[in-house]
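Chemist: Take a look at this one; I'll ask things after.
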Amino acid sequence: MAISRDEVLHVARLARLELGEDEIEEYTRQLSRILEHIQKLQRLDTKDVPPTSHVLDLKNVLRADETRPGLSREEALSNAPDAVSGFFRVPKIRES
Amino acid sequence: MDSATAAEFEPVIGLEVHVELKTKSKIFCPCPTKFGAEPNTQVCPVCLGLPGVLPVLNEGAVELAVMAALALNCDIRPSSRFHRKNYFYPDLPKAYQISQYDHPLATGGWIEVGAGASRKRIGIKRLHLEEDAGKLMHEGSIETAARSLVDFNRCGVPLIEIVSEPDISSPEEAKEYLQVLKSILQYAGVSDCRMQEGSLRVDANVSVRPTGSAAFGTRTELKNIGSFRSVVRGLQYEIRRQIEVIRAGGEVLQETRHWDEQREVTVALRGKEEAHDYRYFPEPDLVPLHLDREWVESVRLKLPELPEARKRRFVSDYGLPEYDAGVLTASPSLAEFYERCVGLYGRGEGRPKTVSNWVMGELTRFLNANNIEIEEARVTPSHVVELLRLIEGGSISGKIAKAIFDRMCETGEMPSQIVRREGLGQISDESEIAAVVARVIEENPKVVGDYKSGKAQALGYLVGQVMKATGGRASPGLVNRVLRERLG
């Protein structure tokens with residue numbers, strides 16, 4: 001396996017995912033297959049190839065510094081599970 | 001801790017400063033950035049992180065960031081890109097912050113602190129662009145709050161993060177670095193740098209090592225620093241704490257610590273190593289940024305005179321002492337106020353220094369006491385110059401001028417009006433003075449006797465009585481002359 005069970009649990013925790021025992025096994029297997037595939041690519045010599053961050057040959061897509069009204073407060077809060085006095089309200093914050 | 005023990009160790013400090021750029025709109029969407037708006041009224045699907053939206057980079061933010069980098073002597077990288085920094089926190093609706101990682105906008109800058117022989121350069125490792133998060137308000141304190149409130153108006157406001165090299169060697173030097181940095185950024189016009197409004201925020205990395213050692217000790221990161229004063233207090237505390245840990249045979253842990261302003265201590269935040277695993281990866285929604293030399297040079301041409309240059313000019317053009325020039329040029333608005341005063345009052349006969357004394361003295365005292373900036377005050381250069389002319393022309397004494405200074409600043413009323421309305425003008429009418437002198441002589445036969453029998457200092461007492469009787473408005477020279485004449 002290219003990835004350990006512990007690494008899968010670590011990544012799941014970072015993504016706030018709760019995994020069942022069968023899911024842990026399944027994802028360990030699937031992620032290993034992906035990593036093994038990448039390892040094949042890594043055998044290529046890419047010393048002189050610049051990294052590709054985008055497949056499109058685009059740069060400097062910019063907009064002028066101008067304002068436009070966005071959503072009304074009612075619209076902004078309309079999907080909030082909890083809101084009070086114009087604020088979103090969230091549960092107690094715990095350091096993870 | 002005695003000083004001999006403290007001298008065994010030296011602190012190593014590096015600062016990370018976040019500064020909000022003064023753009024009209026946010027960095028990746030056209031929402032306004034005005035401070036103090038009603039909560040969640042400057043938001044849109046992009047900055048709320050709703051599904052299916054795309055960020056588009058604000059050209060104005062790029063220009064201000066480049067301006068800041070040039071003012072801080074950085075090299076602008078010809079190519080930079082954006083990364084996602086992933087973490088969960090309620091002020092960050094996308095669960096990632098768009099920032100820059102291994103290809104920042106600029107690197108390798110410096111600023112200078114200290115004077116004379118102790119002048120030194122503090123390196124700036126990097127300067128990069130990123131988006132601000134929303135603002136959280138806790139129902140109670142962060143530890144005990146049952147729930148928290150979120151305002152996303154600030155979410156997406158453009159920020160630059162300026163990371164210094166670990167070149168700072170004392171809490172006081174850290175404060176000076178910040179003062180110089182703030183001054184340069186204000187001059188460059190990239191930010192208000194108002195710490196109380198959060199447009200300038202500071203985190204500090206600090207470690208200690210045996211004095212003279214080349215290796216670094218383990219560092220801690222200090223957060224929640226609310227003012228330049230707490231930078232000094234927080235660092236002093238943390239340095240003392242680390243030295244005590246080491247002297248007790250312990251080990252300093254690499255951790256983030258919260259500065260508790262009330263208790264004046266630093267507290268370790270609970271957190272596991274995972275909290276710092278941000279899993280940066282290139283932001284696929286933003287294309288790379290290429291800045292060509294020519295464009296960068298066109299931005300450089302827009303840079304105004306910076307504080308150091310203006311300070312040198314104040315010394316050479318106005319003949320001011322270096323100290324005065326430094327104080328007056330620390331903020332661009334105060335420097336401009338000063339120059340406008342001198343422009344009105346003139347440069348002859350030590351006038352620039354007289355203006356400097358009043359601006360650094362009374363005016364600065366008034367601004368500090370009211371906790372306002374010069375542009376928020378009602379006093380103008382015309383007020384100050386009119387006041388100085390009243391003193392120069394003998395219409396009022398310096399003492400009276402100081403007495404009406406605050407009123408002039410508060411109400412915006414011209415000093416001549418105040419003087420006229422309240423009858424504060426200096427009495428230079430000899431017959432009026434003579435009448436008071438006669439009364440004082442009559443009321444103080446014993447002192448008059450003393451003077452006549454040779455006690456010269458008795459005259460001072462009589463002068464004082466005349467000044468008192470006229471509410472300080474009599475011209476002291478005139479009083480002296482009239483008294484001597486009458487006493488023969």
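Just so we're on the same page: first chain in the structure tokens is A, next is B, and so on; residues restart at 1 for each chain, and ligands are numbered from 1 in the order they show up.
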Near segment 66-75 of chain A, within 8 Å and counting only C-alpha atoms, which residues show up once chain neighbours fewer than 2 positions away are dropped, as a list in words?
Modeler: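 What passes the distance filter is Ala64, Leu77, Ser78, Asn79 and Gly86 of chain A; Lys24, Ser25, Pro30, Cys31, Pro32, Asn40, Thr41, Gln42, Val43, Cys44 and Pro45 of chain B.
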Chemist: Could you save those same residues with N, CA, C and O atoms as a short mmCIF file (atom, residue, chain, number, x, y, z; two decimals), in the first residue's frame?
Modeler:
```
data_model
loop_
_atom_site.label_atom_id
_atom_site.label_comp_id
_atom_site.auth_asym_id
_atom_site.auth_seq_id
_atom_site.Cartn_x
_atom_site.Cartn_y
_atom_site.Cartn_z
N ALA A 64 -10.84 45.77 -13.02
CA ALA A 64 -10.56 47.11 -12.49
C ALA A 64 -11.10 47.20 -11.07
O ALA A 64 -12.03 46.48 -10.70
N LEU A 77 -28.20 36.13 4.26
CA LEU A 77 -28.47 35.30 5.43
C LEU A 77 -29.52 34.23 5.18
O LEU A 77 -29.82 33.42 6.06
N SER A 78 -30.10 34.22 3.96
CA SER A 78 -31.28 33.37 3.75
C SER A 78 -31.00 31.88 3.90
O SER A 78 -31.91 31.11 4.24
N ASN A 79 -29.76 31.45 3.65
CA ASN A 79 -29.46 30.02 3.82
C ASN A 79 -28.81 29.70 5.16
O ASN A 79 -28.41 28.56 5.40
N GLY A 86 -28.57 40.43 12.01
CA GLY A 86 -27.75 40.66 10.82
C GLY A 86 -26.47 39.85 10.76
O GLY A 86 -25.72 39.94 9.80
N LYS B 24 -10.94 50.21 -3.34
CA LYS B 24 -12.37 50.46 -3.20
C LYS B 24 -13.13 49.13 -3.07
O LYS B 24 -14.11 49.02 -2.35
N SER B 25 -12.67 48.13 -3.84
CA SER B 25 -13.39 46.85 -3.86
C SER B 25 -12.49 45.74 -3.33
O SER B 25 -11.28 45.91 -3.16
N PRO B 30 -16.31 42.40 -6.61
CA PRO B 30 -16.48 43.85 -6.61
C PRO B 30 -17.21 44.41 -5.38
O PRO B 30 -17.68 45.55 -5.41
N CYS B 31 -17.31 43.66 -4.28
CA CYS B 31 -17.95 44.20 -3.08
C CYS B 31 -17.13 45.35 -2.51
O CYS B 31 -15.91 45.31 -2.53
N PRO B 32 -17.82 46.38 -1.95
CA PRO B 32 -17.09 47.50 -1.33
C PRO B 32 -16.35 47.06 -0.06
O PRO B 32 -16.70 46.05 0.56
N ASN B 40 -22.62 42.19 7.30
CA ASN B 40 -23.08 41.41 6.15
C ASN B 40 -23.87 42.21 5.11
O ASN B 40 -24.82 41.72 4.52
N THR B 41 -23.46 43.46 4.90
CA THR B 41 -24.08 44.29 3.86
C THR B 41 -23.11 44.53 2.71
O THR B 41 -23.45 45.20 1.75
N GLN B 42 -21.86 44.03 2.83
CA GLN B 42 -20.89 44.19 1.74
C GLN B 42 -20.39 42.80 1.34
O GLN B 42 -19.21 42.49 1.45
N VAL B 43 -21.35 41.98 0.93
CA VAL B 43 -21.03 40.58 0.62
C VAL B 43 -21.71 40.16 -0.68
O VAL B 43 -22.67 40.79 -1.13
N CYS B 44 -21.16 39.11 -1.30
CA CYS B 44 -21.73 38.58 -2.53
C CYS B 44 -21.42 37.09 -2.58
O CYS B 44 -20.71 36.57 -1.72
N PRO B 45 -21.92 36.38 -3.58
CA PRO B 45 -21.66 34.93 -3.62
C PRO B 45 -20.17 34.57 -3.61
O PRO B 45 -19.79 33.55 -3.05
#
```
Chemist: Report as a PDB file with N, CA and C atoms, in the first residue's frame all protein, DNA and RNA residues lying within 9 Å of Val8 of chain A, evaluated on only C-alpha atoms, omitting residues in the same chain fewer than 2 positions from it.
Modeler:
```pdb
ATOM      1  N   ILE A   3      -0.195   4.174   0.823  1.00  0.00           N
ATOM      2  CA  ILE A   3      -0.599   5.072   1.914  1.00  0.00           C
ATOM      3  C   ILE A   3      -1.045   4.233   3.103  1.00  0.00           C
ATOM      4  N   SER A   4      -0.696   4.694   4.304  1.00  0.00           N
ATOM      5  CA  SER A   4      -1.032   3.892   5.480  1.00  0.00           C
ATOM      6  C   SER A   4      -2.424   4.256   5.996  1.00  0.00           C
ATOM      7  N   ARG A   5      -2.942   3.372   6.804  1.00  0.00           N
ATOM      8  CA  ARG A   5      -4.231   3.609   7.445  1.00  0.00           C
ATOM      9  C   ARG A   5      -4.188   4.889   8.283  1.00  0.00           C
ATOM     10  N   ASP A   6      -3.072   5.094   8.980  1.00  0.00           N
ATOM     11  CA  ASP A   6      -2.941   6.300   9.812  1.00  0.00           C
ATOM     12  C   ASP A   6      -2.965   7.576   8.990  1.00  0.00           C
ATOM     13  N   HIS A  10      -5.565  10.627   9.241  1.00  0.00           N
ATOM     14  CA  HIS A  10      -5.083  12.003   9.412  1.00  0.00           C
ATOM     15  C   HIS A  10      -5.745  12.942   8.389  1.00  0.00           C
ATOM     16  N   VAL A  11      -5.749  12.517   7.137  1.00  0.00           N
ATOM     17  CA  VAL A  11      -6.340  13.340   6.083  1.00  0.00           C
ATOM     18  C   VAL A  11      -7.853  13.497   6.308  1.00  0.00           C
ATOM     19  N   ALA A  12      -8.485  12.429   6.749  1.00  0.00           N
ATOM     20  CA  ALA A  12      -9.928  12.489   7.013  1.00  0.00           C
ATOM     21  C   ALA A  12     -10.224  13.481   8.127  1.00  0.00           C
ATOM     22  N   ARG A  13      -9.343  13.475   9.110  1.00  0.00           N
ATOM     23  CA  ARG A  13      -9.541  14.381  10.231  1.00  0.00           C
ATOM     24  C   ARG A  13      -9.378  15.836   9.792  1.00  0.00           C
ATOM     25  N   ILE A  24     -12.681   3.291   5.794  1.00  0.00           N
ATOM     26  CA  ILE A  24     -11.235   3.474   5.987  1.00  0.00           C
ATOM     27  C   ILE A  24     -10.481   2.518   5.074  1.00  0.00           C
ATOM     28  N   TYR A  27     -10.969   3.530   1.286  1.00  0.00           N
ATOM     29  CA  TYR A  27     -10.225   4.717   0.868  1.00  0.00           C
ATOM     30  C   TYR A  27      -8.723   4.471   0.889  1.00  0.00           C
ATOM     31  N   THR A  28      -8.277   3.650   1.829  1.00  0.00           N
ATOM     32  CA  THR A  28      -6.846   3.326   1.848  1.00  0.00           C
ATOM     33  C   THR A  28      -6.468   2.646   0.533  1.00  0.00           C
ATOM     34  N   LEU A  31      -6.943   5.332  -2.486  1.00  0.00           N
ATOM     35  CA  LEU A  31      -5.902   6.368  -2.494  1.00  0.00           C
ATOM     36  C   LEU A  31      -4.548   5.757  -2.854  1.00  0.00           C
TER      37      LEU A  31
END
```
Chemist: Return as a ChimeraX atom specification the full set of residues in segment 90-337 of chain B whose backbone-based DSSP assignment is alpha helix (DSSP H).
Modeler: /B:171-188,228-247,293-302,307-318,322-329,332-337
Chemist: Restricting the calculation to only C-alpha atoms: of A:Ala2, A:Val90, A:Leu19, A:Ile34, which residue gets closest to chain B?
Modeler: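 Residue with the minimum atom-to-atom distance to chain B: A:Val90.
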Chemist: Quick one: of B:Ser397, B:Thr329, B:Thr23, B:Ser453, who's nearest to Tyr187 of chain B, counting only C-alpha atoms?
Modeler: B:Thr329
